[in-house]
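Structure file run33.txt (compact mmCIF, C-alpha atoms) follows.
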# COMPACT_ATOMS: atom_id res chain seq x y z
CA MET A 91 -6.10 65.24 43.35
CA ILE A 92 -9.02 65.68 41.04
CA GLY A 93 -10.88 68.97 41.50
CA ASN A 94 -11.89 69.67 45.07
CA GLU A 95 -12.33 66.05 46.07
CA ARG A 96 -10.98 65.02 49.41
CA VAL A 97 -8.57 62.11 49.31
CA VAL A 98 -8.36 59.10 51.60
CA ILE A 99 -5.26 56.93 51.43
CA LEU A 100 -6.42 53.65 52.93
CA VAL A 101 -3.93 51.22 54.46
CA GLY A 102 -5.20 47.82 55.52
CA THR A 103 -2.83 45.95 57.79
CA ASP A 104 -2.69 43.52 60.69
CA HIS A 105 -3.66 45.13 64.00
CA LYS A 106 -0.50 43.74 65.62
CA LEU A 107 1.53 46.18 63.48
CA GLN A 108 -0.39 49.27 64.63
CA GLY A 109 1.44 49.34 67.96
CA ALA A 110 -1.61 50.06 70.13
CA GLY A 111 -0.41 50.61 73.70
CA GLN A 112 -3.29 48.62 75.20
CA ARG A 113 -3.20 45.66 72.77
CA ALA A 114 -1.17 42.56 73.57
CA GLY A 115 1.05 40.87 71.00
CA ASN A 116 2.23 43.90 69.04
CA ILE A 117 4.93 43.36 66.44
CA GLU A 118 7.57 46.07 66.05
CA ASP A 119 7.99 46.87 62.36
CA PRO A 120 10.11 49.89 61.39
CA LEU A 121 8.92 49.57 57.77
CA TYR A 122 5.31 50.09 58.91
CA LEU A 123 6.29 53.36 60.56
CA GLU A 124 8.14 54.47 57.41
CA LEU A 125 5.13 53.52 55.29
CA ILE A 126 2.65 55.60 57.27
CA LYS A 127 5.14 58.48 57.45
CA ARG A 128 5.88 58.57 53.73
CA LEU A 129 3.00 57.01 51.79
CA GLY A 130 1.34 60.34 51.05
CA GLN A 131 4.64 61.84 49.89
CA LEU A 132 5.31 58.84 47.67
CA MET A 133 1.97 59.56 46.00
CA GLY A 134 2.70 63.28 45.70
CA LEU A 135 0.15 64.15 48.41
CA GLN A 136 0.46 65.91 51.77
CA VAL A 137 -1.47 64.05 54.49
CA ASP A 138 -3.08 66.41 57.02
CA THR A 139 -5.19 63.94 59.03
CA ILE A 140 -4.87 60.36 60.24
CA PHE A 141 -7.93 58.21 60.89
CA GLU A 142 -7.49 54.79 62.43
CA GLU A 143 -9.39 51.73 63.55
CA ALA A 144 -7.65 51.67 66.93
CA SER A 145 -10.71 50.69 69.01
CA GLY A 146 -9.74 52.92 71.93
CA LEU A 147 -6.57 50.89 72.54
CA GLY A 148 -4.01 53.60 71.79
CA PRO A 149 -1.83 55.38 71.70
CA THR A 150 -0.82 53.72 68.45
CA THR A 151 2.22 54.28 66.26
CA ALA A 152 0.10 56.48 63.97
CA GLU A 153 -1.28 58.51 66.87
CA LYS A 154 2.25 59.17 68.16
CA LEU A 155 3.29 60.15 64.63
CA SER A 156 0.39 62.60 64.37
CA ILE A 157 1.43 64.26 67.64
CA GLN A 158 5.04 64.58 66.46
CA SER A 159 4.10 65.96 63.05
CA GLY A 160 1.16 68.19 64.03
CA MET A 161 -1.41 66.22 62.02
CA LYS A 162 -4.95 65.74 63.27
CA TYR A 163 -5.73 62.23 64.55
CA HIS A 164 -9.05 60.43 65.03
CA ASP A 165 -9.64 56.92 66.32
CA VAL A 166 -12.83 56.21 64.37
CA ASP A 167 -13.66 52.92 66.10
CA PRO A 168 -15.10 52.94 69.63
CA HIS A 169 -13.70 50.59 72.25
CA VAL A 170 -15.47 47.24 72.20
CA ASP A 171 -17.12 48.02 75.56
CA LYS A 172 -18.55 51.31 74.20
CA ARG A 173 -19.79 50.17 70.79
CA TYR A 174 -23.33 49.70 72.11
CA ILE A 175 -23.55 53.48 72.65
CA HIS A 176 -23.36 53.87 68.87
CA GLY A 177 -25.63 50.93 68.06
CA LEU A 178 -22.70 48.71 67.14
CA SER A 179 -22.19 45.12 68.24
CA ARG A 180 -19.27 44.14 70.42
CA ASP A 181 -19.43 40.68 68.82
CA THR A 182 -17.80 40.92 65.39
CA GLY A 183 -16.34 37.42 65.16
CA GLU A 184 -14.06 34.96 66.87
CA TRP A 185 -10.98 32.86 66.31
CA LEU A 186 -11.61 29.17 65.69
CA ASN A 187 -10.11 26.46 67.88
CA GLU A 188 -7.18 24.18 67.08
CA PRO A 189 -6.16 23.13 64.52
CA PHE A 190 -7.68 26.21 62.85
CA SER A 191 -6.71 28.82 65.46
CA SER A 192 -5.38 31.13 62.72
CA VAL A 193 -8.84 31.34 61.14
CA LEU A 194 -11.08 34.26 62.04
CA TRP A 195 -14.80 33.68 61.74
CA THR A 196 -16.10 37.18 61.13
CA LYS A 197 -19.66 38.40 61.41
CA HIS A 198 -19.74 40.43 58.24
CA GLU A 199 -22.95 42.36 59.01
CA ALA A 200 -21.49 43.67 62.28
CA GLN A 201 -18.23 44.55 60.50
CA LEU A 202 -20.06 46.38 57.71
CA ARG A 203 -22.02 48.43 60.27
CA ARG A 204 -18.72 49.44 61.86
CA GLU A 205 -17.43 50.52 58.44
CA ASP A 206 -20.58 52.60 57.89
CA PHE A 207 -19.93 54.25 61.26
CA TRP A 208 -16.29 54.99 60.32
CA THR A 209 -17.33 56.41 56.96
CA LYS A 210 -19.75 58.82 58.66
CA LYS A 211 -17.07 59.90 61.16
CA ILE A 212 -14.55 60.47 58.39
CA SER A 213 -17.10 62.38 56.29
CA SER A 214 -17.86 64.70 59.21
CA GLN A 215 -14.25 65.84 59.67
CA PRO A 216 -12.51 68.64 57.77
CA PHE A 217 -9.41 67.50 55.85
CA GLN A 218 -7.96 67.49 52.35
CA VAL A 219 -5.80 64.35 52.39
CA ALA A 220 -6.21 61.71 55.07
CA LEU A 221 -4.56 58.43 55.89
CA MET A 222 -7.02 55.79 57.14
CA ILE A 223 -5.50 52.73 58.83
CA CYS A 224 -7.66 49.68 59.41
CA GLY A 225 -7.50 45.91 59.61
CA SER A 226 -6.66 44.31 56.29
CA LEU A 227 -10.01 42.53 56.06
CA HIS A 228 -11.73 45.93 55.78
CA THR A 229 -9.60 47.27 52.93
CA LEU A 230 -11.76 46.69 49.85
CA SER A 231 -15.19 47.08 51.42
CA LEU A 232 -14.19 50.28 53.23
CA ALA A 233 -12.58 51.62 50.04
CA GLY A 234 -15.93 51.11 48.29
CA LYS A 235 -17.87 52.83 51.06
CA LEU A 236 -15.51 55.80 51.12
CA SER A 237 -15.64 56.09 47.33
CA ASP A 238 -19.45 55.98 47.43
CA ALA A 239 -19.31 58.78 50.03
CA GLY A 240 -17.53 60.99 47.47
CA PHE A 241 -13.87 60.57 48.41
CA GLU A 242 -11.05 59.87 46.02
CA VAL A 243 -9.64 56.65 47.51
CA TYR A 244 -6.30 54.91 47.13
CA ALA A 245 -6.36 51.50 48.81
CA HIS A 246 -3.24 49.64 49.91
CA CYS A 247 -2.64 46.46 51.90
CA TYR A 248 0.44 46.09 54.04
CA VAL A 249 0.82 42.61 55.51
CA PRO A 250 4.50 41.64 55.82
CA TYR A 251 4.01 37.89 56.12
CA ASP A 252 7.65 37.35 57.11
CA LYS A 253 6.99 39.29 60.35
CA PHE A 254 4.39 36.69 61.37
CA CYS A 255 6.41 33.59 60.52
CA ARG A 256 8.84 31.92 62.89
CA LEU A 257 11.13 30.78 60.08
CA ASP A 258 14.38 32.60 59.30
CA HIS A 259 13.83 34.90 56.31
CA SER A 260 17.24 36.58 56.45
CA THR A 261 18.64 34.94 53.31
CA THR A 262 19.19 37.13 50.29
CA ASP A 263 18.80 34.22 47.89
CA PRO A 264 15.61 34.30 45.83
CA PRO A 265 13.11 31.52 46.56
CA VAL A 266 13.52 28.40 44.46
CA SER A 267 10.47 26.80 42.98
CA LYS A 268 10.41 23.33 41.57
CA ILE A 269 7.85 22.51 38.94
CA THR A 270 7.69 18.91 37.86
Give the structure from this file in structure tokens form.
Amino acid sequence: MIGNERVVILVGTDHKLQGAGQRAGNIEDPLYLELIKRLGQLMGLQVDTIFEEASGLGPTTAEKLSIQSGMKYHDVDPHVDKRYIHGLSRDTGEWLNEPFSSVLWTKHEAQLRREDFWTKKISSQPFQVALMICGSLHTLSLAGKLSDAGFEVYAHCYVPYDKFCRLDHSTTDPPVSKIT
């Protein structure tokens, strides 16, 4: 840590890995749990607070971890049905139809307003080192906003693509590439 700056360790991931109790389609990933448990330690920092874009759908894996470890926890994103209370839009994008159903059309202005809201919530809380978990699409823009707000920020993306693929990835052989 530099001087008295507060630190935010930002982890962008897929929401399916966060383990939100009220979200369908969660993917169990023991490595995700280990990552959020140990990332601060791996960086030589002691996390005292967890912030998360959980949208009121918890408890999440991180929220359960905070309870077990005695860390403070804050879901910084209001439930979609309560965003209007904070002047935020419930409409932040949508998934396209077949054959592009894996493509998210995002309304970037609405997403950026949510990030501004999160940044203000984070700034208003007392902490020294925090872990902030959000969707991977927010990673770089939120890192910039938090940095502009005066935090020392370390941004990471954790998207284990093999967890989302139906193919068998159990082989220990390295991938073979053919260049012709």
Grab the CA of Ser237 in chain A to CA of Ser213 in chain A distance for me, in Å with one decimal place.
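So the answer is 11.0 Å.
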Using only C-alpha atoms, the residue out of A:His105, A:Cys255, A:Ala239, A:Leu147 with shortest distance to Lys210 in chain A is A:Ala239
Residue neighbourhood range 175-190 of chain A, 12 Å, all atoms listed in the file, exclusion window fewer than 3 positions, as a list in words:
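My list of contacting residues is Ser145, Val166, Asp167, Pro168, His169, Val170, Asp171, Lys172, Val193, Leu194, Trp195, Thr196, Lys197, His198, Glu199, Ala200, Gln201, Leu202, Arg203, Arg204, Glu205, Asp206, Phe207, Trp208, Lys210 and Lys211 of chain A.
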Sort by chain and increasing residue number a table of all residues of range 136-162 of chain A within 12 Å of range 117-132 of chain A, each with its closest pair of atoms and their distance in Å to one decimal, counting only C-alpha atoms, and write it as a Markdown table.
| residue | atom | partner | partner_atom | distance |
| --- | --- | --- | --- | --- |
| A:Gln136 | CA | A:Gly130 | CA | 5.7 |
| A:Val137 | CA | A:Gly130 | CA | 5.8 |
| A:Asp138 | CA | A:Gly130 | CA | 9.6 |
| A:Thr139 | CA | A:Gly130 | CA | 10.9 |
| A:Ile140 | CA | A:Ile126 | CA | 9.4 |
| A:Phe141 | CA | A:Ile126 | CA | 11.5 |
| A:Glu142 | CA | A:Ile126 | CA | 11.4 |
| A:Thr150 | CA | A:Leu123 | CA | 10.6 |
| A:Thr151 | CA | A:Leu123 | CA | 7.1 |
| A:Ala152 | CA | A:Ile126 | CA | 7.2 |
| A:Glu153 | CA | A:Ile126 | CA | 10.8 |
| A:Lys154 | CA | A:Leu123 | CA | 10.4 |
| A:Leu155 | CA | A:Lys127 | CA | 7.6 |
| A:Ser156 | CA | A:Lys127 | CA | 9.4 |
| A:Gln158 | CA | A:Lys127 | CA | 10.9 |
| A:Ser159 | CA | A:Lys127 | CA | 9.4 |
| A:Met161 | CA | A:Lys127 | CA | 11.1 |
Between A:Leu135, A:Val98, A:Leu221, A:Leu107, which residue has the minimum interatomic distance to Tyr251 in chain A, considering all atoms listed in the file?
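That would be A:Leu107, the residue with the smallest distance to Tyr251 in chain A.
Taking CA of Gln215 in chain A as the reference point, CA of Arg113 in chain A is found at 26.5 Å.
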What is the CA of Lys106 in chain A to CA of His246 in chain A distance in Å?
17.0 Å
